[in-house]
Structure formats: structure tokens, C-alpha cells
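Engineer: Contents of start-v1.cif (mmCIF, C-alpha atoms) are below:
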data_run
loop_
_atom_site.label_atom_id
_atom_site.label_comp_id
_atom_site.auth_asym_id
_atom_site.auth_seq_id
_atom_site.Cartn_x
_atom_site.Cartn_y
_atom_site.Cartn_z
CA MET S 693 83.84 -179.35 -215.47
CA ARG S 694 84.27 -177.95 -218.95
CA GLY S 695 84.90 -174.24 -219.29
CA LYS S 696 87.03 -174.10 -216.14
CA THR S 697 90.41 -172.41 -216.31
CA ILE S 698 93.64 -174.30 -215.61
CA LEU S 699 97.05 -172.68 -215.21
CA VAL S 700 99.81 -174.95 -216.51
CA VAL S 701 103.17 -174.09 -214.94
CA GLU S 702 106.04 -175.87 -216.70
CA ASP S 703 109.40 -174.53 -217.88
CA GLU S 704 109.95 -177.18 -220.56
CA ALA S 705 108.00 -176.00 -223.60
CA ASP S 706 107.50 -179.45 -225.17
CA ILE S 707 106.01 -180.89 -221.96
CA ARG S 708 103.87 -177.78 -221.43
CA ASP S 709 102.59 -177.97 -225.01
CA LEU S 710 101.69 -181.64 -224.55
CA ILE S 711 99.72 -180.93 -221.37
CA VAL S 712 97.98 -177.96 -222.96
CA TYR S 713 97.08 -180.05 -226.02
CA HIS S 714 95.36 -182.77 -224.00
CA LEU S 715 93.55 -180.42 -221.63
CA SER S 716 92.35 -178.22 -224.51
CA LYS S 717 90.74 -181.30 -226.07
CA GLU S 718 88.60 -181.50 -222.92
CA LYS S 719 87.45 -177.89 -223.46
CA TYR S 720 89.34 -176.39 -220.53
CA GLN S 721 90.50 -172.78 -220.77
CA ILE S 722 94.29 -172.80 -220.46
CA LEU S 723 96.75 -170.29 -219.04
CA GLU S 724 100.51 -170.92 -219.26
CA ALA S 725 103.53 -169.95 -217.20
CA GLU S 726 107.17 -170.87 -217.76
CA ASP S 727 108.57 -169.91 -214.35
CA GLY S 728 107.47 -169.43 -210.75
CA GLU S 729 107.23 -165.65 -210.81
CA VAL S 730 104.97 -165.63 -213.87
CA ALA S 731 102.84 -168.35 -212.22
CA ILE S 732 102.25 -166.17 -209.16
CA GLN S 733 101.50 -163.08 -211.26
CA LYS S 734 98.96 -164.88 -213.45
CA SER S 735 97.33 -166.60 -210.48
CA LEU S 736 96.78 -163.29 -208.68
CA LYS S 737 95.56 -161.49 -211.78
CA GLN S 738 93.36 -164.13 -213.41
CA ILE S 739 92.46 -166.49 -210.51
CA PRO S 740 92.41 -169.88 -212.32
CA ASP S 741 90.19 -172.71 -211.14
CA LEU S 742 93.13 -175.11 -210.78
CA ILE S 743 96.93 -175.05 -211.12
CA LEU S 744 99.18 -177.78 -212.51
CA LEU S 745 102.53 -176.92 -211.01
CA ASP S 746 105.97 -178.31 -211.78
CA LEU S 747 108.37 -178.29 -208.83
CA MET S 748 111.64 -177.57 -210.64
CA LEU S 749 111.12 -174.07 -212.03
CA PRO S 750 113.29 -171.01 -212.75
CA LYS S 751 113.16 -167.94 -210.46
CA LYS S 752 110.81 -169.49 -207.88
CA ASP S 753 110.39 -173.24 -207.48
CA GLY S 754 107.07 -175.00 -207.04
CA PHE S 755 107.40 -175.09 -203.26
CA GLU S 756 107.77 -171.29 -203.11
CA VAL S 757 104.88 -170.78 -205.53
CA THR S 758 102.62 -173.05 -203.47
CA SER S 759 103.49 -171.31 -200.20
CA THR S 760 102.90 -167.86 -201.71
CA LEU S 761 99.53 -168.71 -203.22
CA LYS S 762 98.22 -170.67 -200.23
CA ASN S 763 99.06 -167.74 -197.94
CA ASN S 764 97.23 -165.21 -200.10
CA ALA S 765 93.51 -164.68 -199.46
CA LEU S 766 92.83 -164.25 -203.19
CA THR S 767 94.40 -167.55 -204.23
CA LYS S 768 94.46 -169.84 -201.19
CA TYR S 769 91.39 -171.80 -202.33
CA ILE S 770 92.80 -172.64 -205.78
CA PRO S 771 93.53 -176.40 -205.93
CA ILE S 772 97.16 -177.17 -206.81
CA ILE S 773 98.36 -180.43 -208.35
CA MET S 774 102.13 -180.87 -208.33
CA VAL S 775 103.37 -182.24 -211.65
CA THR S 776 106.98 -183.29 -211.26
CA ALA S 777 109.69 -185.72 -212.26
CA LYS S 778 110.58 -186.06 -208.60
CA GLY S 779 108.85 -189.02 -207.04
CA GLU S 780 110.77 -189.13 -203.79
CA GLU S 781 108.61 -189.35 -200.69
CA GLU S 782 110.29 -186.28 -199.10
CA ASP S 783 109.37 -184.03 -202.06
CA ILE S 784 105.79 -185.23 -202.08
CA ILE S 785 105.41 -184.68 -198.34
CA ARG S 786 107.06 -181.26 -198.56
CA GLY S 787 104.73 -180.17 -201.35
CA LEU S 788 101.62 -181.38 -199.54
CA GLN S 789 102.75 -179.68 -196.35
CA ARG S 790 103.05 -176.39 -198.26
CA GLY S 791 99.39 -176.75 -199.28
CA ALA S 792 99.35 -178.71 -202.55
CA ASP S 793 96.18 -180.76 -202.97
CA ASP S 794 97.58 -183.67 -204.98
CA TYR S 795 100.61 -184.77 -206.99
CA ILE S 796 101.40 -186.68 -210.15
CA THR S 797 104.84 -187.80 -211.31
CA LYS S 798 106.32 -187.70 -214.81
CA PRO S 799 105.92 -189.49 -217.10
CA PHE S 800 102.16 -189.66 -216.73
CA SER S 801 99.18 -190.72 -218.78
CA PRO S 802 96.87 -187.90 -220.00
CA LYS S 803 93.93 -190.02 -218.84
CA VAL S 804 95.39 -190.26 -215.34
CA LEU S 805 95.99 -186.50 -215.25
CA SER S 806 92.41 -185.86 -216.36
CA ALA S 807 91.09 -188.22 -213.69
CA ARG S 808 93.15 -186.51 -210.98
CA ILE S 809 91.82 -183.09 -212.02
CA LYS S 810 88.21 -184.26 -211.97
CA ASN S 811 88.74 -185.91 -208.60
CA ILE S 812 90.06 -182.67 -207.11
CA TRP S 813 86.99 -180.78 -208.29
CA ARG S 814 84.67 -183.54 -207.06
CA GLN S 815 86.23 -183.31 -203.60
CA LYS S 816 86.00 -179.52 -203.65
CA TYR S 817 82.32 -179.67 -204.65
CA LEU S 818 81.52 -182.06 -201.79
CA LEU S 819 83.46 -179.94 -199.28
CA ASP S 820 81.77 -176.72 -200.41
CA ASN S 821 78.33 -178.24 -200.10
CA GLN S 822 79.13 -179.74 -196.73
CA GLN S 823 80.49 -176.53 -195.18
CA GLY S 824 78.31 -174.02 -197.00
CA SER S 825 79.71 -171.70 -199.62
CA THR S 826 77.08 -168.98 -199.94
CA PHE S 827 75.99 -165.86 -198.08
CA GLN S 828 72.67 -164.04 -198.31
CA PHE S 829 71.34 -160.92 -196.64
CA ASN S 830 68.12 -159.42 -198.01
CA GLN S 831 68.87 -158.90 -201.71
CA LEU S 832 72.62 -159.43 -201.47
CA TYR S 833 73.74 -162.94 -202.48
CA ILE S 834 77.32 -164.20 -202.67
CA ASP S 835 78.64 -167.54 -203.92
CA TYR S 836 82.19 -167.87 -202.60
CA THR S 837 83.05 -170.87 -204.78
CA LYS S 838 81.89 -169.37 -208.07
CA LYS S 839 83.18 -165.90 -207.08
CA VAL S 840 79.79 -164.41 -207.91
CA ALA S 841 77.97 -161.59 -206.11
CA LEU S 842 74.40 -160.55 -206.92
CA LEU S 843 72.60 -157.47 -205.66
CA GLU S 844 68.92 -157.08 -206.38
CA ASP S 845 69.29 -159.91 -208.94
CA GLU S 846 72.00 -158.02 -210.82
CA LEU S 847 75.57 -159.26 -211.15
CA LEU S 848 78.10 -157.10 -209.30
CA LYS S 849 81.14 -156.64 -211.53
CA LEU S 850 83.85 -156.69 -208.88
CA THR S 851 87.61 -156.91 -209.10
CA PRO S 852 89.26 -159.82 -207.23
CA LEU S 853 90.30 -157.41 -204.46
CA GLU S 854 86.82 -155.87 -204.15
CA PHE S 855 85.31 -159.37 -204.00
CA GLU S 856 87.77 -160.46 -201.30
CA ILE S 857 87.00 -157.37 -199.18
CA LEU S 858 83.27 -158.06 -199.51
CA ILE S 859 83.75 -161.72 -198.54
CA GLN S 860 85.75 -160.83 -195.44
CA LEU S 861 83.13 -158.29 -194.37
CA CYS S 862 80.30 -160.78 -194.83
CA GLN S 863 82.08 -163.60 -193.03
CA SER S 864 82.44 -161.48 -189.88
CA PRO S 865 79.42 -159.14 -189.86
CA ILE S 866 79.72 -158.28 -186.18
CA SER S 867 83.49 -157.81 -186.19
CA ILE S 868 85.76 -154.92 -187.12
CA LEU S 869 87.91 -155.56 -190.19
CA THR S 870 91.15 -153.61 -189.93
CA ILE S 871 93.24 -152.30 -192.79
CA GLN S 872 96.18 -154.22 -191.33
CA ALA S 873 94.22 -157.48 -191.57
CA LEU S 874 93.30 -156.77 -195.19
CA ILE S 875 96.92 -156.01 -196.05
CA GLN S 876 98.02 -159.27 -194.45
CA ASN S 877 95.30 -161.34 -196.10
CA THR S 878 95.50 -159.86 -199.61
CA PHE S 879 99.17 -158.80 -199.89
CA GLU S 880 97.91 -155.50 -201.33
CA THR S 881 99.03 -151.98 -200.43
CA GLU S 882 96.97 -149.78 -198.14
CA VAL S 883 96.37 -147.36 -201.04
CA ASN S 884 94.93 -150.13 -203.27
CA ILE S 885 92.78 -151.45 -200.44
CA ARG S 886 91.31 -148.05 -199.58
CA GLN S 887 90.61 -147.33 -203.24
CA SER S 888 88.91 -150.73 -203.64
CA ILE S 889 86.75 -150.11 -200.57
CA GLN S 890 85.51 -146.86 -202.11
CA THR S 891 84.78 -148.43 -205.51
CA LEU S 892 83.09 -151.40 -203.80
CA LYS S 893 80.80 -149.07 -201.84
CA GLY S 894 79.88 -147.31 -205.08
CA LYS S 895 79.08 -150.53 -206.92
CA MET S 896 76.84 -151.74 -204.08
CA LYS S 897 74.47 -148.76 -204.42
CA THR S 898 72.44 -148.18 -201.26
CA TYR S 899 74.02 -151.26 -199.69
CA GLY S 900 77.31 -149.41 -199.87
CA ASP S 901 76.08 -147.26 -196.99
CA ARG S 902 76.19 -150.38 -194.82
CA ILE S 903 79.98 -150.53 -195.18
CA ILE S 904 81.12 -148.04 -192.57
CA TRP S 905 84.33 -146.92 -190.91
CA GLU S 906 84.51 -147.25 -187.15
CA LYS S 907 86.77 -144.32 -186.29
CA GLY S 908 90.22 -145.44 -185.23
CA LEU S 909 89.26 -149.12 -185.53
CA GLY S 910 88.43 -150.30 -189.02
CA LEU S 911 85.72 -151.41 -191.40
CA ARG S 912 82.38 -153.00 -190.58
CA LEU S 913 79.34 -154.25 -192.46
CA ILE S 914 76.04 -153.26 -190.84
CA ILE S 915 73.61 -156.18 -190.93
CA ASP S 916 70.32 -156.37 -189.06
CA ASN S 917 70.09 -159.37 -186.74
CA PRO S 918 73.39 -161.06 -187.81
CA GLU S 919 72.57 -164.00 -185.54
CA GLU S 920 69.87 -164.96 -188.06
CA LEU S 921 72.32 -165.30 -190.94
CA PRO S 922 72.88 -168.82 -192.33
#
Go ahead and render the structure in this file as C-alpha cells.
Structural biologist:
Amino acid sequence: MRGKTILVVEDEADIRDLIVYHLSKEKYQILEAEDGEVAIQKSLKQIPDLILLDLMLPKKDGFEVTSTLKNNALTKYIPIIMVTAKGEEEDIIRGLQRGADDYITKPFSPKVLSARIKNIWRQKYLLDNQQGSTFQFNQLYIDYTKKVALLEDELLKLTPLEFEILIQLCQSPISILTIQALIQNTFETEVNIRQSIQTLKGKMKTYGDRIIWEKGLGLRLIIDNPEELP
């Protein structure tokens, strides 16, 4: 578990510092955000492995942050633990309905927080291994969980948007992927998406020729015998 990145979202500096102190002792990499808007920005830019999210935040509250991130293709798989002083049943249910994975109420023990974090990752590991979290075609290998793509045994250095486009192409190799679908799934502009498609094709060398435009329809990944894919 060590080496993973956790985003701590808390507007009260003394509480945030306390959480950061205890998690740093466990060798986690820590990102910090003091309000909901900064939390969303950092999540989209740096893609943490887990988010500790207070509900009562300036600018955007924890419910809004959760909804935004869980409806974005780049961040929807990030586990979110609500950390809040509110222990009412309605708030807990509301947060879980928005997509939060767990909750913990203040005041809390650092040991309990650590156990909750490890439990979330243990559940995620079991789910990933049960459902399958990799894709392979010839010399192209993708690990969705680790956000790693290898081509001819070399690491592809992709941006989060390029990686998401590649994932969506590989998950539906016989389907047409429209620009409109990519805009909806990534919350990116058409200009950014088209630029990322071009840079992705370039980074994939000869495999980039397999990403083609179906005129008037959209994008498709050409794969021989897709029915044989795992």
C-alpha cells in the first residue's frame, strides 16, 4: 500500500495537518486541498489513488465534489472516503448515494482511519481481480488499475486523457467511439480530445495506424479477431 497517493480535502488547516502527519508516517504520498474546487482540479490533474473528503467545504461541498468526480471517466474509479463531523444517517446515505465508498466521522482515531483506507484498497484489489483489469492485444498491454500501458515491452508515457481514450477504444474494439461520447465521458473540449487522439496515435508507433476515423461516425480501434480477446 505504501507509495500510493492520497488527496486530503479539509478546509480546517489544523485537522488537515493532523491527517497529513499520520498518513505521511505510513509513507503515503499526500496531496492537499482546502476547498471543493481545488479538490476537483487536483483530482483531474494528478489522479490520486484515494481521496479523504470532508463534507462541509467552501465553494463546493463534499457532495458536489463526489458527484463531479464519480461522473468523470478520468476520476470515477478513485475511492472516496467521506471524513466529516456529520454523523447523521441522512448525510451518510446521501454521500454513499453520490458514489462515496466509505465514511468516517470526526473525531476519529488515526488507526481506524488507516484501517479504513487499507480495507478500501483490499476490496478494490479483490474486485479488480474478480472482474479483470487488464487488456492485451499482440504486444500492446494495458493495466487499467495501475494506469499503465506497455507497447513492445516499453512504457507508453501517456497523459490521463490519452490513457482514457485508449482505454475506451480497447474496451469496445468493434464499436465506434464518437467525439460526443468522449466529451461526455471526459468533460474535455473537442479541441483537446482531437489533439490527444493525434498525440496518442504518434506515441503508439505502428499501432497508431490501427486507430482510424470512420468518416462521419467516429473513432475505432482495428483489432484482428476481437472475439478472441480476453
Engineer: Would you work out the distance separating CA of Val804 (chain S) from CA of Glu782 (chain S), expressed in Å to one decimal?
Structural biologist: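 Going from CA of Val804 (chain S) over to CA of Glu782 (chain S), I get 22.4 Å.
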Engineer: Taking only C-alpha atoms into account, which of S:Asp783, S:Asp746, S:Glu726, S:Asp794 comes nearest Ala705 (chain S)?
Structural biologist: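 Nearest candidate to Ala705 (chain S) out of S:Asp783, S:Asp746, S:Glu726, S:Asp794: S:Glu726.
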Engineer: Write out as a Markdown table the residues of region 720-809 of chain S that have any atom within 12 Å of an atom of region 865-886 of chain S, one row each with the nearest atom pair and its distance in Å to one decimal, counting all atoms listed in the file, sorted by chain and then rising number.
Structural biologist:
| residue | atom | partner | partner_atom | distance |
| --- | --- | --- | --- | --- |
| S:Leu736 | CA | S:Thr878 | CA | 9.8 |
| S:Thr760 | CA | S:Phe879 | CA | 10.0 |
| S:Leu761 | CA | S:Thr878 | CA | 10.4 |
| S:Lys762 | CA | S:Asn877 | CA | 10.6 |
| S:Asn763 | CA | S:Asn877 | CA | 7.6 |
| S:Asn764 | CA | S:Thr878 | CA | 5.6 |
| S:Ala765 | CA | S:Asn877 | CA | 5.1 |
| S:Leu766 | CA | S:Thr878 | CA | 6.3 |
| S:Thr767 | CA | S:Thr878 | CA | 9.0 |
| S:Lys768 | CA | S:Asn877 | CA | 9.9 |
Engineer: For the provided coordinates, the residues matched by the PyMOL selection byres ((chain S and resi 719) around 12) should be stated as number ranges by chain.
Structural biologist: S: 693-698, 712-718, 720-722, 806
Engineer: Using CA of Ile834 (chain S) and CA of Leu913 (chain S) as the two end points, give the distance in Å to one decimal.
Structural biologist: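 The value is 14.4 Å.
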Engineer: Give me the result of the PyMOL selection byres ((chain S and resi 840) around 12) on this file, residue by residue, as a count of residues only.
Structural biologist: 28
Engineer: Which residues of region 698-753 of chain S come within 12 Å of region 774-777 of chain S, and what is each one's closest atom pair and distance in Å (one decimal), counting all atoms listed in the file, sorted by chain and residue number, as JSON lines?
Structural biologist:
{"residue": "S:Leu699", "atom": "CA", "partner": "S:Met774", "partner_atom": "CA", "distance": 11.8}
{"residue": "S:Val700", "atom": "CA", "partner": "S:Val775", "partner_atom": "CA", "distance": 9.5}
{"residue": "S:Val701", "atom": "CA", "partner": "S:Val775", "partner_atom": "CA", "distance": 8.8}
{"residue": "S:Glu702", "atom": "CA", "partner": "S:Val775", "partner_atom": "CA", "distance": 8.6}
{"residue": "S:Asp703", "atom": "CA", "partner": "S:Thr776", "partner_atom": "CA", "distance": 11.2}
{"residue": "S:Glu704", "atom": "CA", "partner": "S:Thr776", "partner_atom": "CA", "distance": 11.5}
{"residue": "S:Ile707", "atom": "CA", "partner": "S:Val775", "partner_atom": "CA", "distance": 10.7}
{"residue": "S:Arg708", "atom": "CA", "partner": "S:Val775", "partner_atom": "CA", "distance": 10.8}
{"residue": "S:Ile711", "atom": "CA", "partner": "S:Val775", "partner_atom": "CA", "distance": 10.5}
{"residue": "S:Leu742", "atom": "CA", "partner": "S:Met774", "partner_atom": "CA", "distance": 11.0}
{"residue": "S:Ile743", "atom": "CA", "partner": "S:Met774", "partner_atom": "CA", "distance": 8.3}
{"residue": "S:Leu744", "atom": "CA", "partner": "S:Met774", "partner_atom": "CA", "distance": 6.0}
{"residue": "S:Leu745", "atom": "CA", "partner": "S:Met774", "partner_atom": "CA", "distance": 4.8}
{"residue": "S:Asp746", "atom": "CA", "partner": "S:Val775", "partner_atom": "CA", "distance": 4.7}
{"residue": "S:Leu747", "atom": "CA", "partner": "S:Thr776", "partner_atom": "CA", "distance": 5.7}
{"residue": "S:Met748", "atom": "CA", "partner": "S:Thr776", "partner_atom": "CA", "distance": 7.4}
{"residue": "S:Leu749", "atom": "CA", "partner": "S:Thr776", "partner_atom": "CA", "distance": 10.1}
{"residue": "S:Asp753", "atom": "CA", "partner": "S:Thr776", "partner_atom": "CA", "distance": 11.3}
Engineer: Work out how far apart CA of Leu892 (chain S) and CA of Glu906 (chain S) are and give it in Å to one decimal.
Structural biologist: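 Interatomic distance, CA of Leu892 (chain S) to CA of Glu906 (chain S): 17.2 Å.
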Engineer: Selected by the PyMOL selection byres ((chain S and resi 771) around 6) in the shown coordinates: which residues, as JSON, numbers by chain?
Structural biologist: {"S": [742, 770, 772, 793]}
